[in-house]
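Please read the structure below before turning to the comments.
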Amino acid sequence: MPSLFKLAAATATSLALALQASAHGYVQEVTLGSTKYGGYNPYADPYYNPPPQRIIRKIPGNGPVEDLSLIDVQCNGWSSGGVVGSAPAPLVGTVAAGATVTFNWTEWPDSHKGPIITYLARAPSDVTKWNPGSSAVWFKIDQSGKDASGKWAAAEKLVTNKGLYNVKVPANLKAGQYIIRHEILALHAAWAYPGVQVYPSCIQIEVTGSGNALPTSFVSFPGAYTGTTPGIVYDVYTNTSTYPIPGPAVWTGGN
Ligand SMILES: *[C@@H]1O[C@H](CO)[C@@H](O)[C@H](O)[C@H]1NC(C)=O
Ligand SMILES: *[C@@H]1O[C@H](CO)[C@@H](O)[C@H](O)[C@H]1NC(C)=O
Ligand SMILES: [Cu+2]
């Protein structure tokens, strides 16, 4: 290993430790079926030359997106700081329809309570060149909010499950390339808008199988969530009623 390379890696590690002291979080690893893929590490990847090849689109850091009108809310870009939301990653991971995708989050703060939601968007052609922009292409495949005993998907259940969250790829989903958009909405400051913190992550996948199901209605990011969408404003400290998970209903046609 060239010494310059070592130095860059060491610097990245200490920087990562410094920044993670005020940690929020991001998806650090994804398992498709039984194959593990490393996540995009915003505190290391940019310091490598050449950068590691990923199936996960890059993110600017472990922080959230709070302005729901920005393209940043799609894949956690940073449109004002040079890391533009949704820039494609070079690789695609393969997963069979019906198989499980496991998202492995960095240590999630207990204070960051909220739902975990997952969407898909079908790429019109090569997903490694596709940027959906604000087109309505997304459909929801999984969601989990607050259960009857008051436990949240994030943080309680995620922490109990060692940071892992499982989503099943719809069994009859039509084969092809997709972006899977997985997010946590943290509600610890969501008693008014702005306040909700969106932590999205976009992973490029190739779905295999003989299914032929596709939904017929779609939402856009930005667009699906606004300051008046149910569940975007919610007081986690005082509100004991059912939590309405934001966005469309889960598409069940592929199962
Ligand atoms: C999550 O990913 C990290 C980094 O690759 C790994 O060290 C850790 O063991 C994984 N967690 C689980 C529960 O598999
Ligand atoms: C509690 O949350 C529900 C669902 O968002 C909302 O309709 C209700 O107004 C909230 N209650 C209070 C007291 O804010
Ligand atoms: Cu945070």
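Chain lettering (A, B, ...) mirrors the order of the structure tokens, residue numbering begins at 1 for each chain separately, and ligand numbering begins at 1 in order of display.
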
Around ligand 2, at most 8 Å away and counting only C-alpha atoms and all ligand atoms, which residues are there? Put them as a ChimeraX atom specification, please. /A:230-235,238-244

Taking only C-alpha atoms and all ligand atoms into account, which residues are within 8 Å of ligand 3, as number ranges by chain? A: 22-25, 63-64, 109, 112, 186, 197

Pick the closest to Trp105 (chain A) from A:Leu214, A:Ala44, A:Val207, A:Leu158: which is it, counting only C-alpha atoms?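 For Trp105 (chain A), the nearest of the candidates is A:Leu158.
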
Tell me which protein, DNA and RNA residues are within 7 Å of Thr128 (chain A), counting only C-alpha atoms, leaving out same-chain ones fewer than 4 positions away, and put them as a ChimeraX atom specification. /A:88-91

Just list the residues in region 29-195 of chain A DSSP gives alpha helix (DSSP H) on the backbone, as a ChimeraX atom specification. /A:72-75,156-160

Save out the residues we just selected, C-alpha atoms, as a PDB file, in the first residue's frame.
ATOM      1  CA  ASP A  72     -31.536  16.233  -1.398  1.00  0.00           C
ATOM      2  CA  VAL A  73     -34.563  14.516   0.145  1.00  0.00           C
ATOM      3  CA  GLN A  74     -34.356  11.830  -2.557  1.00  0.00           C
ATOM      4  CA  CYS A  75     -31.016  10.168  -1.790  1.00  0.00           C
ATOM      5  CA  GLU A 156     -36.192   1.052  19.793  1.00  0.00           C
ATOM      6  CA  LYS A 157     -36.671  -1.797  17.305  1.00  0.00           C
ATOM      7  CA  LEU A 158     -33.663  -0.874  15.172  1.00  0.00           C
ATOM      8  CA  VAL A 159     -31.379  -0.739  18.207  1.00  0.00           C
ATOM      9  CA  THR A 160     -32.752  -4.054  19.564  1.00  0.00           C
TER      10      THR A 160
END

Step by step, measure atom-to-atom distances between ligand 1 and each residue using only C-alpha atoms and all ligand atoms, keep those at most 12 Å, then write them as a PyMOL selection string. chain A and resi 26-31+34+36-41+102-108+158-166

Selection to disk with N, CA and C atoms, as a PDB file, in the first residue's frame:
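What landed in part.pdb:
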ATOM      1  N   TYR A  26     -26.282   6.615   9.060  1.00  0.00           N
ATOM      2  CA  TYR A  26     -26.473   6.280   7.648  1.00  0.00           C
ATOM      3  C   TYR A  26     -26.350   4.763   7.487  1.00  0.00           C
ATOM      4  N   VAL A  27     -26.714   4.276   6.316  1.00  0.00           N
ATOM      5  CA  VAL A  27     -26.633   2.837   6.042  1.00  0.00           C
ATOM      6  C   VAL A  27     -25.181   2.485   5.719  1.00  0.00           C
ATOM      7  N   GLN A  28     -24.567   1.647   6.576  1.00  0.00           N
ATOM      8  CA  GLN A  28     -23.140   1.356   6.392  1.00  0.00           C
ATOM      9  C   GLN A  28     -22.890   0.056   5.634  1.00  0.00           C
ATOM     10  N   GLU A  29     -23.926  -0.758   5.483  1.00  0.00           N
ATOM     11  CA  GLU A  29     -23.763  -2.035   4.778  1.00  0.00           C
ATOM     12  C   GLU A  29     -25.147  -2.497   4.334  1.00  0.00           C
ATOM     13  N   VAL A  30     -25.191  -3.172   3.196  1.00  0.00           N
ATOM     14  CA  VAL A  30     -26.457  -3.711   2.692  1.00  0.00           C
ATOM     15  C   VAL A  30     -26.237  -5.170   2.347  1.00  0.00           C
ATOM     16  N   THR A  31     -27.187  -6.031   2.715  1.00  0.00           N
ATOM     17  CA  THR A  31     -27.093  -7.434   2.315  1.00  0.00           C
ATOM     18  C   THR A  31     -28.247  -7.736   1.372  1.00  0.00           C
ATOM     19  N   SER A  34     -27.871 -13.118   0.177  1.00  0.00           N
ATOM     20  CA  SER A  34     -26.806 -13.472   1.117  1.00  0.00           C
ATOM     21  C   SER A  34     -25.507 -12.735   0.807  1.00  0.00           C
ATOM     22  N   LYS A  36     -23.148  -9.448   0.919  1.00  0.00           N
ATOM     23  CA  LYS A  36     -22.961  -8.176   1.621  1.00  0.00           C
ATOM     24  C   LYS A  36     -22.269  -7.152   0.724  1.00  0.00           C
ATOM     25  N   TYR A  37     -22.755  -5.921   0.782  1.00  0.00           N
ATOM     26  CA  TYR A  37     -22.122  -4.815   0.055  1.00  0.00           C
ATOM     27  C   TYR A  37     -21.831  -3.695   1.051  1.00  0.00           C
ATOM     28  N   GLY A  38     -20.615  -3.187   1.010  1.00  0.00           N
ATOM     29  CA  GLY A  38     -20.273  -2.055   1.875  1.00  0.00           C
ATOM     30  C   GLY A  38     -21.037  -0.818   1.443  1.00  0.00           C
ATOM     31  N   GLY A  39     -21.443  -0.002   2.415  1.00  0.00           N
ATOM     32  CA  GLY A  39     -22.119   1.248   2.107  1.00  0.00           C
ATOM     33  C   GLY A  39     -21.125   2.316   1.695  1.00  0.00           C
ATOM     34  N   TYR A  40     -21.646   3.437   1.222  1.00  0.00           N
ATOM     35  CA  TYR A  40     -20.804   4.588   0.932  1.00  0.00           C
ATOM     36  C   TYR A  40     -20.455   5.235   2.268  1.00  0.00           C
ATOM     37  N   ASN A  41     -19.161   5.299   2.586  1.00  0.00           N
ATOM     38  CA  ASN A  41     -18.732   5.913   3.845  1.00  0.00           C
ATOM     39  C   ASN A  41     -18.287   7.350   3.567  1.00  0.00           C
ATOM     40  N   THR A 102     -31.271  -6.530   3.641  1.00  0.00           N
ATOM     41  CA  THR A 102     -31.000  -6.085   5.014  1.00  0.00           C
ATOM     42  C   THR A 102     -30.167  -4.810   4.985  1.00  0.00           C
ATOM     43  N   PHE A 103     -30.701  -3.790   5.626  1.00  0.00           N
ATOM     44  CA  PHE A 103     -30.003  -2.515   5.735  1.00  0.00           C
ATOM     45  C   PHE A 103     -29.345  -2.472   7.110  1.00  0.00           C
ATOM     46  N   ASN A 104     -28.077  -2.158   7.132  1.00  0.00           N
ATOM     47  CA  ASN A 104     -27.323  -2.088   8.378  1.00  0.00           C
ATOM     48  C   ASN A 104     -26.966  -0.620   8.643  1.00  0.00           C
ATOM     49  N   TRP A 105     -27.637  -0.055   9.652  1.00  0.00           N
ATOM     50  CA  TRP A 105     -27.437   1.353  10.012  1.00  0.00           C
ATOM     51  C   TRP A 105     -26.322   1.495  11.027  1.00  0.00           C
ATOM     52  N   THR A 106     -25.587   2.609  10.932  1.00  0.00           N
ATOM     53  CA  THR A 106     -24.637   2.956  11.987  1.00  0.00           C
ATOM     54  C   THR A 106     -25.429   3.139  13.284  1.00  0.00           C
ATOM     55  N   GLU A 107     -24.741   3.087  14.398  1.00  0.00           N
ATOM     56  CA  GLU A 107     -25.381   3.143  15.716  1.00  0.00           C
ATOM     57  C   GLU A 107     -26.406   4.276  15.772  1.00  0.00           C
ATOM     58  N   TRP A 108     -27.666   3.912  15.964  1.00  0.00           N
ATOM     59  CA  TRP A 108     -28.740   4.902  15.834  1.00  0.00           C
ATOM     60  C   TRP A 108     -29.028   5.542  17.192  1.00  0.00           C
ATOM     61  N   LEU A 158     -34.913  -0.834  15.928  1.00  0.00           N
ATOM     62  CA  LEU A 158     -33.663  -0.874  15.172  1.00  0.00           C
ATOM     63  C   LEU A 158     -32.491  -1.180  16.102  1.00  0.00           C
ATOM     64  N   VAL A 159     -32.472  -0.540  17.253  1.00  0.00           N
ATOM     65  CA  VAL A 159     -31.379  -0.739  18.207  1.00  0.00           C
ATOM     66  C   VAL A 159     -31.406  -2.174  18.740  1.00  0.00           C
ATOM     67  N   THR A 160     -32.621  -2.672  19.083  1.00  0.00           N
ATOM     68  CA  THR A 160     -32.752  -4.054  19.564  1.00  0.00           C
ATOM     69  C   THR A 160     -32.240  -5.042  18.516  1.00  0.00           C
ATOM     70  N   ASN A 161     -32.428  -4.688  17.254  1.00  0.00           N
ATOM     71  CA  ASN A 161     -32.016  -5.577  16.162  1.00  0.00           C
ATOM     72  C   ASN A 161     -30.604  -5.255  15.663  1.00  0.00           C
ATOM     73  N   LYS A 162     -29.773  -4.660  16.526  1.00  0.00           N
ATOM     74  CA  LYS A 162     -28.362  -4.363  16.223  1.00  0.00           C
ATOM     75  C   LYS A 162     -28.182  -3.490  14.980  1.00  0.00           C
ATOM     76  N   GLY A 163     -29.146  -2.615  14.723  1.00  0.00           N
ATOM     77  CA  GLY A 163     -29.008  -1.695  13.582  1.00  0.00           C
ATOM     78  C   GLY A 163     -29.476  -2.271  12.264  1.00  0.00           C
ATOM     79  N   LEU A 164     -29.993  -3.520  12.300  1.00  0.00           N
ATOM     80  CA  LEU A 164     -30.420  -4.156  11.042  1.00  0.00           C
ATOM     81  C   LEU A 164     -31.919  -3.987  10.822  1.00  0.00           C
ATOM     82  N   TYR A 165     -32.303  -3.737   9.571  1.00  0.00           N
ATOM     83  CA  TYR A 165     -33.717  -3.648   9.202  1.00  0.00           C
ATOM     84  C   TYR A 165     -33.909  -4.434   7.907  1.00  0.00           C
ATOM     85  N   ASN A 166     -34.888  -5.333   7.913  1.00  0.00           N
ATOM     86  CA  ASN A 166     -35.122  -6.221   6.761  1.00  0.00           C
ATOM     87  C   ASN A 166     -36.326  -5.785   5.947  1.00  0.00           C
TER      88      ASN A 166
END

Calculated over only C-alpha atoms, which of the candidates A:His188, A:Arg181, A:Arg57, A:Lys146 has the smallest distance to Arg122 (chain A)?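 That would be A:Arg181, the residue with the smallest distance to Arg122 (chain A).
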
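Between CA of Val167 (chain A) and CA of Ala97 (chain A) the interatomic distance comes to 11.4 Å.
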
Enter the distance from CA of Ile59 (chain A) to CA of Ser134 (chain A), in Å, rounded to one decimal.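 Taking CA of Ile59 (chain A) as the start and CA of Ser134 (chain A) as the end point, the length is 18.1 Å.
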
Closest of A:Gly93, A:Gly61, A:Pro132, A:Gly77 to Thr35 (chain A), counting only C-alpha atoms, is A:Gly93

Residue with the minimum atom-to-atom distance to Lys151 (chain A), picked from A:Pro170, A:Pro115, A:Gly223, A:Gly195 with only C-alpha atoms counted, is A:Pro115
